[in-house]
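Report on the following structure.
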Amino acid sequence: MDDHGADAVRWFMLAAGSPWQARRVGHAAIADVVRKTLLTYWNTVSFQSLYARTAGFVPDAAAAPALAERPVLDRWALAEASRLARDVTVALDGFDTQRAGRLLAAFIDDLSNWYVRRSRRRFWEGDPAALHTLHACLRTVTLLMAPFTPFITERVWQDLFATAPGESVHLQDWPDDAATLADAELGEQVALIRRLVELGRAARAEGRVRTRQPLGRALVSAPGWDRMPGELRDQLAEELNVASVVGLGGTDDATSDELVHVTVKANFRSLGRRFGKGTQPVAAAIAAADPVALTADLRAHGTAHVRVDGAMVEVGPDDVVITETPREGWAVATDAGETLALDLHLTPELVRRGLAREVVRTVQETRKAAGLEVSDRIELWLATTSEELGAALDEHAGDIAAEVLAVAMHRTAPPTDAAGGEDADLGLVLGVRRA
């Protein structure tokens, strides 16, 4: 407790297992729960506090934008907070602090690493809907965490939520009626988007394409994709860093055999158990079949038919070995019936856009090294002798300035009082100064 605080020990004892179970306690175990959950919670609170102050935000339920008018990510975050309140209440009514802690930790991670990260630009711009949404979510989390971590939640309550002197988080009503906002369908849709993001990252790694390099398109095959709201499709495109995302067989007439080369062969062990001496003709029929059609039948129906000596013979998934190899220029990842394919062909315009992303990364690192606050506006100098990089800077000057909060951008060498340096890999000399 002296090293990590009472709240960290309480959280470990309540959320890392049932309180009555014996367990090993040590500095590493306590530090891990602090890093993964309590520090993430505190950093999210600090993020809200910083941008609320910057925007002059005053929480007022009457002035908050109507729920139906907010972006889909706001509605998802509020719905998940409502579901969290319902599920944590059920867990604590059953004295199951481990499950309640697991639910809280998962939501805090989602709030920080999905909602805040995907909405960061809106906070930069002081969007009232984003500020109201994060304020409401943190209020729910703080109330639900108060029995676990009474000290940190009391501090957060005094800083963000208290409306009168002496008001305590421990004297507030429990948020047991918040589950009325829960939206199961929206939760499932966002969960699908996040799974597709993971498939996209796997496909990029397979294709050895860096994350910051924009790509032309991604193709998706997944149950429920046809009902996916346009806002969430746009979120997926941004997260994957692609210009467009469409379904297989969609407007670009892409089909699965455009993405992968499919081959099939007989599984003699399985066929031998079923057909004995008649295995060879069945194996020959499988080898002669259309591999794409055979694979589609097996996946859609669980069985397929091949013609053997004029008769149709049924084969199952265990009877056929399917091999899918991505075609040149594509990277494909599949899991549990969901597939995402990335078009790896790079046009000159995509290359220039990728260079602009690298410039943004370099400038952000320079800002951080110079000790600038995340909300500080800057004056920016960018100089290069590379024609290709120069074309990228000209074409994407507005995007670069918006990403790094530059109110002025100069295409000259930086003055001596600007913080910066040289990126030899890009062929770029840069400087930043607080505006």
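Just so we're on the same page: first chain in the structure tokens is A, next is B, and so on; residues restart at 1 for each chain, and ligands are numbered from 1 in the order they show up.
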Q: Any chance you could list, as a ChimeraX atom specification, the residues in region 181-374 of chain A that come up strand (DSSP E or B) when DSSP is run on the backbone?
A: /A:215-221,242-247,260-266,304-308,311-315,320-326,330-335,338-343
Polymer residues at most 12 Å from region 314-322 of chain A, only C-alpha atoms, same-chain spacing of 5 or more positions, as a tab-separated table (two decimals) with N, CA and C atoms, in the first residue's frame:
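Saved to part.tsv:
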chain	number	residue	atom	x	y	z
A	260	VAL	N	-8.06	-14.73	-53.86
A	260	VAL	CA	-7.24	-15.89	-53.51
A	260	VAL	C	-7.32	-16.94	-54.60
A	261	HIS	N	-6.24	-17.68	-54.72
A	261	HIS	CA	-6.21	-18.84	-55.62
A	261	HIS	C	-6.54	-20.07	-54.78
A	262	VAL	N	-7.61	-20.77	-55.14
A	262	VAL	CA	-8.10	-21.89	-54.35
A	262	VAL	C	-7.74	-23.20	-55.03
A	263	THR	N	-7.18	-24.11	-54.26
A	263	THR	CA	-6.95	-25.47	-54.75
A	263	THR	C	-7.54	-26.46	-53.75
A	264	VAL	N	-7.97	-27.62	-54.26
A	264	VAL	CA	-8.53	-28.65	-53.39
A	264	VAL	C	-7.87	-29.99	-53.74
A	265	LYS	N	-7.74	-30.81	-52.73
A	265	LYS	CA	-7.27	-32.17	-52.96
A	265	LYS	C	-7.93	-33.08	-51.93
A	266	ALA	N	-7.87	-34.35	-52.18
A	266	ALA	CA	-8.53	-35.32	-51.32
A	266	ALA	C	-7.75	-35.53	-50.02
A	267	ASN	N	-8.50	-35.71	-48.93
A	267	ASN	CA	-7.92	-36.16	-47.67
A	267	ASN	C	-8.08	-37.67	-47.62
A	268	PHE	N	-7.03	-38.38	-48.01
A	268	PHE	CA	-7.15	-39.83	-48.19
A	268	PHE	C	-7.47	-40.55	-46.88
A	269	ARG	N	-7.02	-40.02	-45.75
A	269	ARG	CA	-7.31	-40.69	-44.48
A	269	ARG	C	-8.81	-40.70	-44.22
A	270	SER	N	-9.46	-39.55	-44.42
A	270	SER	CA	-10.90	-39.47	-44.18
A	270	SER	C	-11.67	-40.28	-45.23
A	271	LEU	N	-11.26	-40.13	-46.51
A	271	LEU	CA	-11.95	-40.87	-47.57
A	271	LEU	C	-11.78	-42.37	-47.40
A	272	GLY	N	-10.60	-42.80	-46.97
A	272	GLY	CA	-10.36	-44.23	-46.80
A	272	GLY	C	-11.29	-44.85	-45.78
A	273	ARG	N	-11.57	-44.12	-44.70
A	273	ARG	CA	-12.49	-44.67	-43.69
A	273	ARG	C	-13.90	-44.80	-44.24
A	274	ARG	N	-14.28	-43.91	-45.17
A	274	ARG	CA	-15.64	-43.93	-45.68
A	274	ARG	C	-15.82	-44.86	-46.88
A	275	PHE	N	-14.81	-44.84	-47.80
A	275	PHE	CA	-15.02	-45.51	-49.08
A	275	PHE	C	-14.14	-46.74	-49.29
A	279	THR	N	-11.86	-45.43	-52.72
A	279	THR	CA	-11.33	-44.09	-52.41
A	279	THR	C	-10.76	-43.39	-53.63
A	282	VAL	N	-13.14	-41.40	-55.94
A	282	VAL	CA	-13.67	-40.21	-55.27
A	282	VAL	C	-12.58	-39.13	-55.20
A	283	ALA	N	-11.35	-39.55	-54.89
A	283	ALA	CA	-10.24	-38.60	-54.83
A	283	ALA	C	-10.02	-37.95	-56.19
A	284	ALA	N	-10.11	-38.73	-57.25
A	284	ALA	CA	-9.93	-38.19	-58.60
A	284	ALA	C	-11.04	-37.20	-58.93
A	285	ALA	N	-12.27	-37.51	-58.49
A	285	ALA	CA	-13.40	-36.60	-58.74
A	285	ALA	C	-13.21	-35.28	-58.00
A	286	ILE	N	-12.70	-35.33	-56.76
A	286	ILE	CA	-12.43	-34.10	-56.00
A	286	ILE	C	-11.37	-33.26	-56.72
A	287	ALA	N	-10.31	-33.90	-57.20
A	287	ALA	CA	-9.25	-33.19	-57.89
A	287	ALA	C	-9.75	-32.55	-59.18
A	289	ALA	N	-12.86	-31.45	-59.71
A	289	ALA	CA	-13.96	-30.52	-59.47
A	289	ALA	C	-13.50	-29.08	-59.55
A	290	ASP	N	-14.47	-28.16	-59.75
A	290	ASP	CA	-14.18	-26.72	-59.70
A	290	ASP	C	-13.87	-26.36	-58.25
A	291	PRO	N	-12.63	-25.96	-57.94
A	291	PRO	CA	-12.27	-25.75	-56.53
A	291	PRO	C	-13.06	-24.63	-55.86
A	292	VAL	N	-13.38	-23.57	-56.62
A	292	VAL	CA	-14.13	-22.46	-56.02
A	292	VAL	C	-15.55	-22.89	-55.67
A	293	ALA	N	-16.22	-23.56	-56.60
A	293	ALA	CA	-17.59	-24.00	-56.35
A	293	ALA	C	-17.63	-25.04	-55.24
A	294	LEU	N	-16.68	-25.97	-55.23
A	294	LEU	CA	-16.65	-27.02	-54.21
A	294	LEU	C	-16.45	-26.39	-52.82
A	295	THR	N	-15.53	-25.44	-52.74
A	295	THR	CA	-15.27	-24.77	-51.46
A	295	THR	C	-16.50	-23.99	-51.00
A	296	ALA	N	-17.16	-23.30	-51.93
A	296	ALA	CA	-18.36	-22.52	-51.57
A	296	ALA	C	-19.46	-23.43	-51.03
A	297	ASP	N	-19.67	-24.59	-51.66
A	297	ASP	CA	-20.69	-25.52	-51.19
A	297	ASP	C	-20.37	-26.05	-49.80
A	298	LEU	N	-19.11	-26.40	-49.58
A	298	LEU	CA	-18.72	-26.92	-48.27
A	298	LEU	C	-18.93	-25.89	-47.17
A	299	ARG	N	-18.63	-24.63	-47.48
A	299	ARG	CA	-18.76	-23.59	-46.46
A	299	ARG	C	-20.21	-23.18	-46.25
A	300	ALA	N	-20.99	-23.22	-47.31
A	300	ALA	CA	-22.38	-22.78	-47.19
A	300	ALA	C	-23.27	-23.87	-46.61
A	301	HIS	N	-23.02	-25.13	-47.00
A	301	HIS	CA	-23.94	-26.20	-46.63
A	301	HIS	C	-23.32	-27.28	-45.76
A	302	GLY	N	-22.00	-27.26	-45.61
A	302	GLY	CA	-21.35	-28.30	-44.82
A	302	GLY	C	-21.09	-29.57	-45.60
A	303	THR	N	-21.61	-29.67	-46.82
A	303	THR	CA	-21.38	-30.82	-47.68
A	303	THR	C	-21.28	-30.34	-49.13
A	304	ALA	N	-20.74	-31.19	-50.00
A	304	ALA	CA	-20.69	-30.92	-51.43
A	304	ALA	C	-20.83	-32.25	-52.16
A	305	HIS	N	-21.05	-32.21	-53.47
A	305	HIS	CA	-21.23	-33.43	-54.25
A	305	HIS	C	-20.27	-33.44	-55.43
A	306	VAL	N	-19.69	-34.60	-55.69
A	306	VAL	CA	-18.82	-34.80	-56.85
A	306	VAL	C	-19.34	-36.00	-57.63
A	307	ARG	N	-19.08	-35.98	-58.94
A	307	ARG	CA	-19.60	-37.06	-59.80
A	307	ARG	C	-18.55	-38.17	-59.91
A	308	VAL	N	-18.95	-39.39	-59.53
A	308	VAL	CA	-18.09	-40.57	-59.57
A	308	VAL	C	-18.80	-41.65	-60.37
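Counting from CA of Trp124 (chain A), the distance to CA of Asn43 (chain A) is 16.2 Å.
CA of Phe107 (chain A) lies 7.7 Å from CA of Glu80 (chain A).
For Tyr51 (chain A), the residues within 8 Å (counting only C-alpha atoms, excluding itself and residues fewer than 3 positions away along the chain) are Phe47, Gln48, Thr54, Ala55, Phe123, Trp124, Gly126 and Ser375 of chain A.
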Mind writing the picked residues with C-alpha atoms as a PDB file, in the first residue's frame?
ATOM      1  CA  PHE A  47      -7.869  13.774 -21.265  1.00  0.00           C
ATOM      2  CA  GLN A  48     -11.469  14.843 -20.643  1.00  0.00           C
ATOM      3  CA  THR A  54      -9.602  24.147 -23.401  1.00  0.00           C
ATOM      4  CA  ALA A  55     -13.115  24.295 -24.882  1.00  0.00           C
ATOM      5  CA  PHE A 123     -11.987  16.704 -28.858  1.00  0.00           C
ATOM      6  CA  TRP A 124      -9.320  18.875 -30.480  1.00  0.00           C
ATOM      7  CA  GLY A 126     -14.135  21.085 -28.778  1.00  0.00           C
ATOM      8  CA  SER A 375      -3.708  21.130 -27.327  1.00  0.00           C
TER       9      SER A 375
END
**Q.** Surrounding residues of Arg367 (chain A) excluding itself and chain neighbours under 3 positions, 10 Å, only C-alpha atoms, as an NGL selection string
**A.** :A and (361-364 or 370-374 or 376 or 378 or 404 or 419-420 or 431-434)
Dump N, CA and C atoms for the selected residues as a compact mmCIF listing (two decimals), in the first residue's frame?
# COMPACT_ATOMS: atom_id res chain seq x y z
N ARG A 361 3.72 12.03 -38.47
CA ARG A 361 4.34 11.29 -37.38
C ARG A 361 5.59 12.01 -36.87
N THR A 362 6.44 12.46 -37.80
CA THR A 362 7.68 13.13 -37.41
C THR A 362 7.39 14.43 -36.66
N VAL A 363 6.42 15.18 -37.13
CA VAL A 363 6.09 16.45 -36.47
C VAL A 363 5.53 16.19 -35.08
N GLN A 364 4.68 15.17 -34.93
CA GLN A 364 4.11 14.86 -33.62
C GLN A 364 5.22 14.47 -32.64
N ALA A 370 9.61 18.61 -27.75
CA ALA A 370 9.75 20.02 -27.41
C ALA A 370 8.95 20.38 -26.16
N GLY A 371 8.22 19.41 -25.59
CA GLY A 371 7.47 19.66 -24.37
C GLY A 371 6.16 20.40 -24.58
N LEU A 372 5.63 20.40 -25.80
CA LEU A 372 4.37 21.08 -26.08
C LEU A 372 3.19 20.28 -25.55
N GLU A 373 2.15 20.97 -25.11
CA GLU A 373 0.92 20.31 -24.69
C GLU A 373 0.18 19.80 -25.93
N VAL A 374 -0.65 18.76 -25.73
CA VAL A 374 -1.34 18.17 -26.89
C VAL A 374 -2.30 19.15 -27.53
N ASP A 376 -1.70 22.49 -27.74
CA ASP A 376 -1.00 23.69 -28.20
C ASP A 376 -1.05 23.82 -29.72
N ILE A 378 0.66 25.36 -33.14
CA ILE A 378 2.08 25.56 -33.46
C ILE A 378 2.25 26.30 -34.78
N VAL A 404 -1.55 18.23 -37.00
CA VAL A 404 -0.53 18.63 -36.01
C VAL A 404 -0.87 19.95 -35.34
N ALA A 419 12.13 24.47 -32.34
CA ALA A 419 12.56 23.11 -31.98
C ALA A 419 12.39 22.21 -33.19
N GLY A 420 13.32 21.30 -33.38
CA GLY A 420 13.19 20.41 -34.53
C GLY A 420 14.47 19.69 -34.85
N GLY A 431 10.90 22.22 -38.19
CA GLY A 431 10.97 22.98 -36.94
C GLY A 431 9.57 23.31 -36.48
N VAL A 432 9.36 23.37 -35.16
CA VAL A 432 8.05 23.73 -34.60
C VAL A 432 8.27 24.78 -33.52
N ARG A 433 7.27 25.63 -33.35
CA ARG A 433 7.31 26.64 -32.30
C ARG A 433 5.87 26.90 -31.87
N ARG A 434 5.65 27.03 -30.55
CA ARG A 434 4.30 27.30 -30.07
C ARG A 434 3.80 28.60 -30.67
Q: For CA of Ala184 (chain A) and CA of Arg233 (chain A), quote the distance in Å rounded to one decimal.
A: 18.1 Å
Q | Neighbour list for Leu430 (chain A) as a VMD selection string, cut-off 6 Å, only C-alpha atoms, skip fewer than 5 positions in-chain | A | chain A and resid 381 to 382 420 to 421
(Q) So that I can check the surroundings of region 234-251 of chain A, please list as a PyMOL selection string every protein, DNA and RNA residue that reaches within 8 Å of it, counting only C-alpha atoms and ignoring chain neighbours fewer than 6 positions away. (A) chain A and resi 118+193-194+196-197+200-201+211-221+225-226
N, CA and C atoms of the current selection, written as a PDB file, in the first residue's frame:
ATOM      1  N   ARG A 118     -10.578   7.023 -31.467  1.00  0.00           N
ATOM      2  CA  ARG A 118     -11.273   7.254 -32.725  1.00  0.00           C
ATOM      3  C   ARG A 118     -11.917   8.640 -32.786  1.00  0.00           C
ATOM      4  N   ILE A 193     -16.844  -4.494 -36.367  1.00  0.00           N
ATOM      5  CA  ILE A 193     -15.877  -3.555 -36.940  1.00  0.00           C
ATOM      6  C   ILE A 193     -14.509  -3.752 -36.306  1.00  0.00           C
ATOM      7  N   ARG A 194     -14.475  -3.929 -34.993  1.00  0.00           N
ATOM      8  CA  ARG A 194     -13.187  -4.075 -34.305  1.00  0.00           C
ATOM      9  C   ARG A 194     -12.519  -5.401 -34.661  1.00  0.00           C
ATOM     10  N   LEU A 196     -12.842  -6.829 -37.588  1.00  0.00           N
ATOM     11  CA  LEU A 196     -12.348  -6.606 -38.947  1.00  0.00           C
ATOM     12  C   LEU A 196     -11.076  -5.760 -38.934  1.00  0.00           C
ATOM     13  N   VAL A 197     -10.976  -4.832 -37.990  1.00  0.00           N
ATOM     14  CA  VAL A 197      -9.739  -4.050 -37.849  1.00  0.00           C
ATOM     15  C   VAL A 197      -8.570  -4.979 -37.538  1.00  0.00           C
ATOM     16  N   GLY A 200      -7.602  -6.717 -40.577  1.00  0.00           N
ATOM     17  CA  GLY A 200      -6.871  -5.803 -41.450  1.00  0.00           C
ATOM     18  C   GLY A 200      -5.423  -5.648 -41.030  1.00  0.00           C
ATOM     19  N   ARG A 201      -5.190  -5.580 -39.720  1.00  0.00           N
ATOM     20  CA  ARG A 201      -3.810  -5.471 -39.240  1.00  0.00           C
ATOM     21  C   ARG A 201      -3.030  -6.737 -39.566  1.00  0.00           C
ATOM     22  N   THR A 211       1.645   0.521 -41.514  1.00  0.00           N
ATOM     23  CA  THR A 211       0.308   0.976 -41.160  1.00  0.00           C
ATOM     24  C   THR A 211       0.001   2.353 -41.726  1.00  0.00           C
ATOM     25  N   ARG A 212       0.986   3.238 -41.785  1.00  0.00           N
ATOM     26  CA  ARG A 212       0.735   4.612 -42.223  1.00  0.00           C
ATOM     27  C   ARG A 212       0.601   4.753 -43.739  1.00  0.00           C
ATOM     28  N   GLN A 213       0.885   3.693 -44.487  1.00  0.00           N
ATOM     29  CA  GLN A 213       0.749   3.774 -45.936  1.00  0.00           C
ATOM     30  C   GLN A 213      -0.714   3.578 -46.329  1.00  0.00           C
ATOM     31  N   PRO A 214      -1.379   4.603 -46.842  1.00  0.00           N
ATOM     32  CA  PRO A 214      -2.774   4.424 -47.272  1.00  0.00           C
ATOM     33  C   PRO A 214      -2.868   3.434 -48.433  1.00  0.00           C
ATOM     34  N   LEU A 215      -3.977   2.719 -48.467  1.00  0.00           N
ATOM     35  CA  LEU A 215      -4.253   1.769 -49.541  1.00  0.00           C
ATOM     36  C   LEU A 215      -5.558   2.152 -50.225  1.00  0.00           C
ATOM     37  N   GLY A 216      -5.778   1.574 -51.400  1.00  0.00           N
ATOM     38  CA  GLY A 216      -6.935   1.965 -52.201  1.00  0.00           C
ATOM     39  C   GLY A 216      -8.251   1.429 -51.696  1.00  0.00           C
ATOM     40  N   ARG A 217      -8.293   0.145 -51.328  1.00  0.00           N
ATOM     41  CA  ARG A 217      -9.583  -0.441 -50.936  1.00  0.00           C
ATOM     42  C   ARG A 217      -9.378  -1.671 -50.079  1.00  0.00           C
ATOM     43  N   ALA A 218     -10.430  -1.984 -49.343  1.00  0.00           N
ATOM     44  CA  ALA A 218     -10.513  -3.231 -48.581  1.00  0.00           C
ATOM     45  C   ALA A 218     -11.837  -3.888 -48.938  1.00  0.00           C
ATOM     46  N   LEU A 219     -11.819  -5.198 -49.020  1.00  0.00           N
ATOM     47  CA  LEU A 219     -13.030  -5.970 -49.301  1.00  0.00           C
ATOM     48  C   LEU A 219     -13.373  -6.808 -48.081  1.00  0.00           C
ATOM     49  N   VAL A 220     -14.663  -6.854 -47.754  1.00  0.00           N
ATOM     50  CA  VAL A 220     -15.123  -7.507 -46.530  1.00  0.00           C
ATOM     51  C   VAL A 220     -16.170  -8.560 -46.860  1.00  0.00           C
ATOM     52  N   SER A 221     -16.039  -9.695 -46.203  1.00  0.00           N
ATOM     53  CA  SER A 221     -17.098 -10.704 -46.214  1.00  0.00           C
ATOM     54  C   SER A 221     -17.338 -11.113 -44.774  1.00  0.00           C
ATOM     55  N   TRP A 225     -22.660  -7.685 -42.523  1.00  0.00           N
ATOM     56  CA  TRP A 225     -22.006  -6.531 -43.139  1.00  0.00           C
ATOM     57  C   TRP A 225     -22.994  -5.696 -43.951  1.00  0.00           C
ATOM     58  N   ASP A 226     -23.968  -6.334 -44.591  1.00  0.00           N
ATOM     59  CA  ASP A 226     -24.912  -5.594 -45.418  1.00  0.00           C
ATOM     60  C   ASP A 226     -25.784  -4.644 -44.608  1.00  0.00           C
TER      61      ASP A 226
END
Q: Do a neighbour search on Gly17 (chain A) at 10 Å with only C-alpha atoms, toss out local chain neighbours closer than 2 positions, and write the hits as a list in words.
A: Trp11, Phe12, Met13, Leu14, Ala15, Pro19, Trp20, Gln21, Ala22, Arg23, Asp96, Thr97, Gln98, Arg99, Gly101 and Arg102 of chain A
Q) Which parts of region 224-355 of chain A does DSSP call helix (DSSP H, G or I) when run on the backbone here, written out as a PyMOL selection string? A) chain A and resi 225-227+230-240+256-259+268-288+291-301+317-319+348-355
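The residue that comes closest to Glu338 (chain A), out of A:Leu192, A:Leu232, A:Val407, A:Leu426 and on the basis of only C-alpha atoms, is A:Leu192.
Considering the residues A:Val72, A:Ala52, A:Ala182, A:Leu346 and counting only C-alpha atoms, Pro128 (chain A) has its shortest atom-to-atom contact with A:Ala52.
Between Gln189 (chain A) and the candidates A:Glu422, A:Glu231, A:Glu125, A:Asp335, the tightest atom-to-atom separation, counting only C-alpha atoms, involves A:Glu231.
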